>>> print(open('upload-v8.txt').read())   # compact mmCIF, C-alpha atoms
# COMPACT_ATOMS: atom_id res chain seq x y z
CA MET A 20 -20.94 6.89 2.58
CA VAL A 21 -19.25 8.35 -0.50
CA LEU A 22 -22.59 9.83 -1.54
CA ILE A 23 -22.75 11.76 1.73
CA ILE A 24 -19.09 12.70 2.05
CA VAL A 25 -18.45 14.05 -1.46
CA PRO A 26 -21.30 16.60 -1.69
CA LEU A 27 -20.83 17.61 1.94
CA GLN A 28 -17.12 18.32 1.70
CA THR A 29 -17.50 19.98 -1.71
CA LEU A 30 -20.20 22.36 -0.50
CA ILE A 31 -18.48 23.24 2.77
CA SER A 32 -15.06 23.73 1.20
CA PHE A 33 -16.58 25.88 -1.55
CA ALA A 34 -18.37 28.06 1.00
CA ILE A 35 -15.20 28.51 3.03
CA ALA A 36 -13.14 29.22 -0.09
CA VAL A 37 -15.61 31.93 -1.19
CA LEU A 38 -15.44 33.52 2.26
CA LEU A 39 -11.66 33.37 2.41
CA ASN A 40 -11.24 34.71 -1.10
CA GLY A 41 -12.93 38.00 -0.25
CA LYS A 42 -11.35 41.10 1.25
CA ILE A 43 -10.81 40.05 4.83
CA ARG A 44 -8.09 40.57 7.39
CA CYS A 45 -5.89 37.72 8.66
CA LYS A 46 -6.68 35.75 5.52
CA GLY A 47 -3.49 33.71 5.89
CA PHE A 48 -4.32 32.73 9.45
CA PHE A 49 -7.83 31.56 8.58
CA ARG A 50 -6.63 29.65 5.52
CA SER A 51 -3.85 27.95 7.49
CA SER A 52 -6.16 27.03 10.34
CA CYS A 53 -8.50 25.29 7.88
CA TYR A 54 -5.59 23.49 6.24
CA ILE A 55 -3.87 22.26 9.43
CA PRO A 56 -6.07 19.13 9.87
CA TYR A 57 -5.09 17.90 6.42
CA VAL A 58 -1.44 17.81 7.46
CA ILE A 59 -2.09 15.54 10.44
CA SER A 60 -2.10 11.77 10.06
CA ALA A 61 -5.58 10.29 9.59
CA VAL A 62 -5.02 7.73 12.35
CA ALA A 63 -3.95 10.43 14.83
CA VAL A 64 -6.99 12.54 13.91
CA THR A 65 -9.34 9.59 14.42
CA ILE A 66 -7.81 8.73 17.76
CA PHE A 67 -8.01 12.25 19.14
CA PHE A 68 -11.56 12.68 17.86
CA MET A 69 -12.43 9.60 19.85
CA TYR A 70 -11.63 11.63 22.99
CA PHE A 71 -14.21 14.21 21.95
CA PHE A 72 -16.91 11.73 20.98
CA VAL A 73 -16.53 9.35 23.91
CA LYS A 74 -19.42 9.01 26.38
CA ASN A 75 -19.53 12.20 28.50
CA GLY A 76 -16.92 13.74 26.20
CA PRO A 77 -17.19 17.45 25.29
CA VAL A 78 -18.88 16.95 21.90
CA THR A 79 -21.10 14.11 23.05
CA LYS A 80 -22.31 16.25 25.95
CA PHE A 81 -23.07 19.10 23.56
CA PHE A 82 -25.06 16.85 21.23
CA SER A 83 -26.89 15.26 24.16
CA LEU A 84 -28.22 18.76 24.92
CA LEU A 85 -29.68 18.71 21.41
CA GLY A 86 -31.45 15.44 22.12
CA LEU A 87 -28.97 12.83 20.90
CA GLU A 88 -27.94 9.93 23.10
CA ASN A 89 -24.95 10.39 25.35
CA VAL A 90 -22.97 7.39 24.11
CA SER A 91 -19.53 6.84 22.63
CA TRP A 92 -20.27 7.58 18.99
CA PHE A 93 -17.57 5.32 17.60
CA ALA A 94 -18.85 2.41 19.69
CA SER A 95 -22.48 2.81 18.70
CA THR A 96 -24.07 1.15 15.68
CA LYS A 97 -26.28 4.22 15.35
CA TYR A 98 -23.61 6.93 15.36
CA ALA A 99 -20.40 5.22 14.21
CA LEU A 100 -20.85 6.14 10.56
CA ALA A 101 -21.76 9.73 11.42
CA PHE A 102 -18.61 9.91 13.52
CA LEU A 103 -16.55 8.59 10.64
CA ILE A 104 -18.06 11.12 8.23
CA ILE A 105 -17.44 14.02 10.63
CA VAL A 106 -13.82 13.01 11.16
CA TYR A 107 -13.18 12.50 7.46
CA VAL A 108 -14.86 15.71 6.30
CA TRP A 109 -13.18 17.74 9.07
CA GLN A 110 -9.80 16.53 7.91
CA GLN A 111 -10.28 16.82 4.15
CA ILE A 112 -12.01 20.20 3.86
CA GLY A 113 -8.75 22.19 3.95
CA PHE A 114 -7.36 20.46 0.89
CA TYR A 115 -10.44 21.06 -1.25
CA MET A 116 -10.69 24.60 0.05
CA VAL A 117 -7.20 25.30 -1.32
CA ILE A 118 -8.17 23.89 -4.73
CA PHE A 119 -11.31 26.04 -4.77
CA ILE A 120 -9.35 29.15 -3.79
CA GLY A 121 -7.04 28.47 -6.72
CA GLY A 122 -10.06 28.28 -9.02
CA LEU A 123 -11.64 31.42 -7.57
CA GLN A 124 -8.48 33.42 -8.12
CA GLU A 125 -8.67 32.64 -11.83
CA VAL A 126 -12.02 34.40 -12.14
CA PRO A 127 -11.41 37.91 -13.59
CA ALA A 128 -12.30 40.70 -11.16
CA GLU A 129 -13.71 42.81 -14.02
CA LEU A 130 -16.67 40.46 -14.33
CA TYR A 131 -17.64 41.12 -10.72
CA GLU A 132 -17.22 44.85 -11.18
CA ALA A 133 -19.37 44.81 -14.30
CA ALA A 134 -22.03 42.77 -12.51
CA LYS A 135 -21.95 45.21 -9.59
CA VAL A 136 -22.46 48.12 -11.97
CA ASP A 137 -25.41 46.24 -13.47
CA GLY A 138 -26.88 45.97 -10.00
CA ALA A 139 -26.25 42.28 -9.29
CA GLY A 140 -26.22 41.35 -5.60
CA ALA A 141 -23.63 39.16 -3.88
CA TRP A 142 -25.77 36.03 -4.25
CA GLN A 143 -26.41 36.68 -7.94
CA ARG A 144 -22.70 37.25 -8.57
CA LEU A 145 -21.95 33.96 -6.85
CA ILE A 146 -24.51 31.95 -8.80
CA LYS A 147 -24.18 33.63 -12.20
CA ILE A 148 -20.43 34.29 -12.31
CA THR A 149 -18.47 32.30 -9.74
CA VAL A 150 -20.18 28.92 -10.00
CA PRO A 151 -20.08 28.66 -13.82
CA LEU A 152 -16.51 29.94 -14.06
CA ILE A 153 -15.07 27.51 -11.55
CA ARG A 154 -16.90 24.53 -13.06
CA ASN A 155 -13.66 22.79 -14.01
CA THR A 156 -12.31 23.21 -10.49
CA THR A 157 -15.55 21.76 -9.14
CA TYR A 158 -15.15 18.70 -11.36
CA LEU A 159 -11.60 18.31 -10.11
CA VAL A 160 -12.73 18.55 -6.49
CA LEU A 161 -15.56 16.08 -7.09
CA THR A 162 -13.21 13.62 -8.78
CA PHE A 163 -10.52 13.84 -6.11
CA GLY A 164 -13.16 13.74 -3.42
CA MET A 165 -14.72 10.62 -4.84
CA ILE A 166 -11.43 8.81 -5.36
CA ASN A 167 -10.25 9.66 -1.85
CA ALA A 168 -13.58 8.75 -0.30
CA PHE A 169 -13.53 5.36 -2.01
CA GLN A 170 -10.04 4.81 -0.67
CA ILE A 171 -10.94 5.63 2.92
CA PHE A 172 -9.05 3.17 5.06
CA ASP A 173 -6.91 4.64 7.87
CA GLN A 174 -9.80 6.06 9.86
CA ILE A 175 -11.67 2.78 9.75
CA ALA A 176 -8.58 0.78 10.62
CA ALA A 177 -8.02 3.01 13.66
CA LEU A 178 -11.68 2.79 14.64
CA SER A 179 -12.57 -0.80 13.93
CA LYS A 180 -11.36 -2.21 17.26
CA GLN A 181 -13.88 -0.05 19.11
CA ALA A 182 -16.76 -0.13 16.66
CA PRO A 183 -19.25 -2.92 17.20
CA LEU A 184 -20.73 -5.35 14.70
CA GLY A 185 -18.61 -4.03 11.87
CA SER A 186 -20.62 -0.82 11.83
CA VAL A 187 -17.80 1.24 10.33
CA ARG A 188 -16.17 -1.50 8.34
CA ARG A 189 -16.27 -0.98 4.62
CA TYR A 190 -15.42 -3.58 2.04
CA GLN A 191 -11.77 -2.55 1.60
CA HIS A 192 -11.25 -2.85 5.29
CA SER A 193 -13.10 -6.11 5.82
CA GLY A 194 -11.12 -7.55 2.91
CA TYR A 195 -7.92 -6.29 4.46
CA LEU A 196 -8.77 -8.06 7.69
CA SER A 197 -9.63 -11.31 5.99
CA VAL A 198 -6.44 -11.76 3.95
CA PRO A 199 -3.40 -13.38 5.54
CA ALA A 200 -0.81 -11.14 7.15
CA VAL A 201 1.70 -11.63 4.32
CA PHE A 202 -0.74 -10.20 1.80
CA ARG A 203 -1.50 -7.24 4.00
CA LEU A 204 1.80 -5.68 2.97
CA TYR A 205 1.71 -6.39 -0.74
CA GLY A 206 -1.70 -7.70 -1.61
CA TYR A 207 -3.92 -4.77 -0.75
CA GLY A 208 -3.73 -3.22 -4.20
CA ILE A 209 -4.25 -6.58 -5.93
CA TRP A 210 -7.17 -7.42 -3.70
CA LYS A 211 -8.70 -4.02 -4.31
CA ARG A 212 -8.44 -4.41 -8.07
CA ARG A 213 -9.94 -7.87 -7.86
CA ARG A 214 -12.97 -6.46 -6.10
CA GLY A 215 -13.39 -4.14 -9.04
CA HIS A 216 -13.86 -0.93 -7.19
CA SER A 217 -10.75 0.64 -8.69
CA VAL A 218 -12.36 0.03 -12.05
CA PHE A 219 -15.44 1.78 -10.75
CA ASP A 220 -13.31 4.74 -9.58
CA TYR A 221 -11.71 4.88 -13.00
CA PHE A 222 -15.07 4.73 -14.74
CA CYS A 223 -16.42 7.57 -12.62
CA PHE A 224 -13.32 9.62 -13.38
CA ILE A 225 -13.67 9.07 -17.12
CA ARG A 226 -17.36 10.02 -17.03
CA LEU A 227 -16.56 13.22 -15.15
CA ARG A 228 -13.80 14.08 -17.60
CA GLU A 229 -16.20 13.54 -20.49
CA LEU A 230 -18.79 15.70 -18.82
CA ALA A 231 -16.26 18.45 -18.11
CA GLY A 232 -15.02 18.32 -21.70
CA ARG A 233 -18.52 18.51 -23.14
CA ARG A 234 -19.49 21.49 -21.01
CA THR A 235 -16.34 23.51 -21.59
CA VAL A 236 -16.13 23.11 -25.38
CA MET B 6 -28.31 52.48 6.47
CA LYS B 7 -26.25 50.70 3.84
CA THR B 8 -23.02 51.11 5.82
CA LYS B 9 -24.74 49.76 8.94
CA LYS B 10 -25.82 46.75 6.93
CA SER B 11 -22.33 46.17 5.56
CA ILE B 12 -20.78 46.52 9.02
CA ALA B 13 -23.21 43.97 10.40
CA GLY B 14 -22.38 41.67 7.48
CA LYS B 15 -18.66 42.02 8.13
CA ILE B 16 -19.10 41.28 11.83
CA LEU B 17 -21.11 38.20 10.93
CA ILE B 18 -18.43 37.01 8.50
CA TYR B 19 -15.63 37.50 11.04
CA PHE B 20 -17.69 35.79 13.73
CA PHE B 21 -18.24 32.83 11.42
CA LEU B 22 -14.55 32.72 10.42
CA ILE B 23 -13.42 32.81 14.05
CA LEU B 24 -15.83 29.97 14.85
CA LEU B 25 -14.45 28.06 11.89
CA ALA B 26 -10.85 28.61 12.97
CA LEU B 27 -11.76 27.42 16.47
CA LEU B 28 -13.43 24.35 15.02
CA PHE B 29 -10.24 23.42 13.22
CA LEU B 30 -7.69 24.54 15.78
CA VAL B 31 -9.24 23.61 19.12
CA PRO B 32 -8.99 19.82 18.61
CA VAL B 33 -5.35 20.16 17.57
CA PHE B 34 -4.42 22.38 20.51
CA TYR B 35 -6.45 20.25 22.91
CA VAL B 36 -4.42 17.21 21.91
CA MET B 37 -1.16 19.15 22.23
CA TYR B 38 -2.28 20.38 25.64
CA ASN B 39 -3.14 16.85 26.76
CA SER B 40 0.24 15.61 25.61
CA LEU B 41 1.78 17.84 28.29
CA LEU B 42 -0.27 16.37 31.12
CA PRO B 43 0.42 13.36 33.36
CA LYS B 44 -1.85 10.43 32.47
CA ARG B 45 -4.23 10.87 35.42
CA TYR B 46 -5.03 14.46 34.41
CA ILE B 47 -5.78 13.77 30.74
CA GLY B 48 -9.10 15.27 29.71
CA SER B 49 -9.20 17.78 32.55
CA PHE B 50 -8.03 21.36 32.83
CA VAL B 51 -5.14 21.81 35.23
CA SER B 52 -2.77 24.64 36.06
CA PRO B 53 0.34 25.09 33.91
CA ALA B 54 2.43 24.16 36.97
CA LEU B 55 1.51 20.53 36.33
CA TRP B 56 2.50 20.57 32.68
CA SER B 57 5.60 18.60 31.79
CA LEU B 58 7.41 17.05 28.86
CA ASP B 59 7.52 13.61 30.52
CA ASN B 60 5.27 12.02 27.89
CA TYR B 61 7.63 13.15 25.14
CA LYS B 62 10.63 11.87 27.14
CA GLU B 63 8.90 8.52 27.54
CA LEU B 64 8.07 8.43 23.85
CA PHE B 65 11.59 9.12 22.67
CA GLN B 66 13.05 6.66 25.18
CA SER B 67 10.68 3.88 24.16
CA ILE B 68 11.23 4.13 20.41
CA ARG B 69 14.50 3.42 18.68
CA LEU B 70 15.20 6.06 16.08
>>> encode(input="upload-v8.txt", output="structure tokens")
Amino acid sequence: MVLIIVPLQTLISFAIAVLLNGKIRCKGFFRSSCYIPYVISAVAVTIFFMYFFVKNGPVTKFFSLLGLENVSWFASTKYALAFLIIVYVWQQIGFYMVIFIGGLQEVPAELYEAAKVDGAGAWQRLIKITVPLIRNTTYLVLTFGMINAFQIFDQIAALSKQAPLGSVRRYQHSGYLSVPAVFRLYGYGIWKRRRGHSVFDYFCFIRLRELAGRRTV
Amino acid sequence: MKTKKSIAGKILIYFFLILLALLFLVPVFYVMYNSLLPKRYIGSFVSPALWSLDNYKELFQSIRL
């Protein structure tokens, strides 16, 4: 799931950030509207998305026109994970978009002007100037994205009563359900460390830092 | 020709941005709208005459702050 979520949210948030960094009107409104979902609680977001993805719900009806089954996505073994990814990405994009905008604003405008004079098109300017110059921001987004995606919990907790056969349950969550109630309050972190995935997060972070360091020096 | 192209590009960008804003805002406003409706009307579109703050009243009465 992390392998789908991280590239997806990075690409979409980068594209939105590039669009919203240009000369457009109502920039503040568009930026705020993208950021609003991030402010809302993950559980609330999951619950209200369930209204959209329920059988005969507005989104389910739309997708059924495209040939998908008209079923409650969160209650289907086939679509539950897709539902989870959509909800998660929808909520997180705003945050990464803000980070990308910060990175884009650090790119000197003179470089774009010089490239324009040299006859570079918009796509060339994006690939040859923007992407290399915001490399560090991209590493940051990838790292945060990965850590947050590994820690996904609230959405699954809100969903798991409806989802069948553990289709959306990930190992954090199944572990959370299996430990006694007393440990649910205090033991989650300990349990998580025992499973070793925090170590994996840390390892990934170190590798990315190394990679970023090597490229920038 | 070039200006026509740039105008078309701008229209396309604004169209995409408006779609994007709708994608992010509609779910939020839909939920807020539903919170104003009596339970039997949830999920349907009804006239503003039926809107009320009863759900909020019920919420604040049921929880102890």
>>> closest_residue(input="upload-v8.txt", among="A:Cys45, A:Phe67, A:Val21, A:Thr157", to="chain B", atoms="all atoms listed in the file")
A:Phe67
>>> atom_distance(input="upload-v8.txt", atom1="CA of Tyr54 in chain A", atom2="CA of Val117 in chain A")
7.9 Å
>>> residues_near_point(input="upload-v8.txt", point="(3.0, 9.3, 33.9)", cutoff="12 Å", atoms="all atoms listed in the file", output="VMD selection string")
chain B and resid 40 to 47 55 to 64
>>> interface_residues(input="upload-v8.txt", of="chain B", to="chain A", cutoff="12 Å", atoms="all atoms listed in the file", output="ChimeraX atom specification")
/B:11,14-40,47-49
>>> write_last_selection(input="upload-v8.txt", atoms="C-alpha atoms", output="PDB file, in the coordinates of the input")
ATOM      1  CA  SER B  11     -22.330  46.170   5.560  1.00  0.00           C
ATOM      2  CA  GLY B  14     -22.380  41.670   7.480  1.00  0.00           C
ATOM      3  CA  LYS B  15     -18.660  42.020   8.130  1.00  0.00           C
ATOM      4  CA  ILE B  16     -19.100  41.280  11.830  1.00  0.00           C
ATOM      5  CA  LEU B  17     -21.110  38.200  10.930  1.00  0.00           C
ATOM      6  CA  ILE B  18     -18.430  37.010   8.500  1.00  0.00           C
ATOM      7  CA  TYR B  19     -15.630  37.500  11.040  1.00  0.00           C
ATOM      8  CA  PHE B  20     -17.690  35.790  13.730  1.00  0.00           C
ATOM      9  CA  PHE B  21     -18.240  32.830  11.420  1.00  0.00           C
ATOM     10  CA  LEU B  22     -14.550  32.720  10.420  1.00  0.00           C
ATOM     11  CA  ILE B  23     -13.420  32.810  14.050  1.00  0.00           C
ATOM     12  CA  LEU B  24     -15.830  29.970  14.850  1.00  0.00           C
ATOM     13  CA  LEU B  25     -14.450  28.060  11.890  1.00  0.00           C
ATOM     14  CA  ALA B  26     -10.850  28.610  12.970  1.00  0.00           C
ATOM     15  CA  LEU B  27     -11.760  27.420  16.470  1.00  0.00           C
ATOM     16  CA  LEU B  28     -13.430  24.350  15.020  1.00  0.00           C
ATOM     17  CA  PHE B  29     -10.240  23.420  13.220  1.00  0.00           C
ATOM     18  CA  LEU B  30      -7.690  24.540  15.780  1.00  0.00           C
ATOM     19  CA  VAL B  31      -9.240  23.610  19.120  1.00  0.00           C
ATOM     20  CA  PRO B  32      -8.990  19.820  18.610  1.00  0.00           C
ATOM     21  CA  VAL B  33      -5.350  20.160  17.570  1.00  0.00           C
ATOM     22  CA  PHE B  34      -4.420  22.380  20.510  1.00  0.00           C
ATOM     23  CA  TYR B  35      -6.450  20.250  22.910  1.00  0.00           C
ATOM     24  CA  VAL B  36      -4.420  17.210  21.910  1.00  0.00           C
ATOM     25  CA  MET B  37      -1.160  19.150  22.230  1.00  0.00           C
ATOM     26  CA  TYR B  38      -2.280  20.380  25.640  1.00  0.00           C
ATOM     27  CA  ASN B  39      -3.140  16.850  26.760  1.00  0.00           C
ATOM     28  CA  SER B  40       0.240  15.610  25.610  1.00  0.00           C
ATOM     29  CA  ILE B  47      -5.780  13.770  30.740  1.00  0.00           C
ATOM     30  CA  GLY B  48      -9.100  15.270  29.710  1.00  0.00           C
ATOM     31  CA  SER B  49      -9.200  17.780  32.550  1.00  0.00           C
TER      32      SER B  49
END
>>> atom_distance(input="upload-v8.txt", atom1="CA of Ser60 in chain A", atom2="CA of Ile171 in chain A")
12.9 Å
>>> residues_around(input="upload-v8.txt", residues="range 84-88 of chain A", least_positions_apart="6", cutoff="12 Å", atoms="all atoms listed in the file", output="JSON, numbers by chain")
{"A": [72, 73, 74, 75, 77, 78, 95, 97, 98]}
>>> atom_distance(input="upload-v8.txt", atom1="CA of Phe82 in chain A", atom2="CA of Val106 in chain A")
15.6 Å
>>> residues_around(input="upload-v8.txt", residues="range 141-156 of chain A", least_positions_apart="5", cutoff="7 Å", atoms="only C-alpha atoms", output="list in words")
Phe119, Gly122, Leu123, Val126, Tyr131, Ala134 and Ala231 of chain A
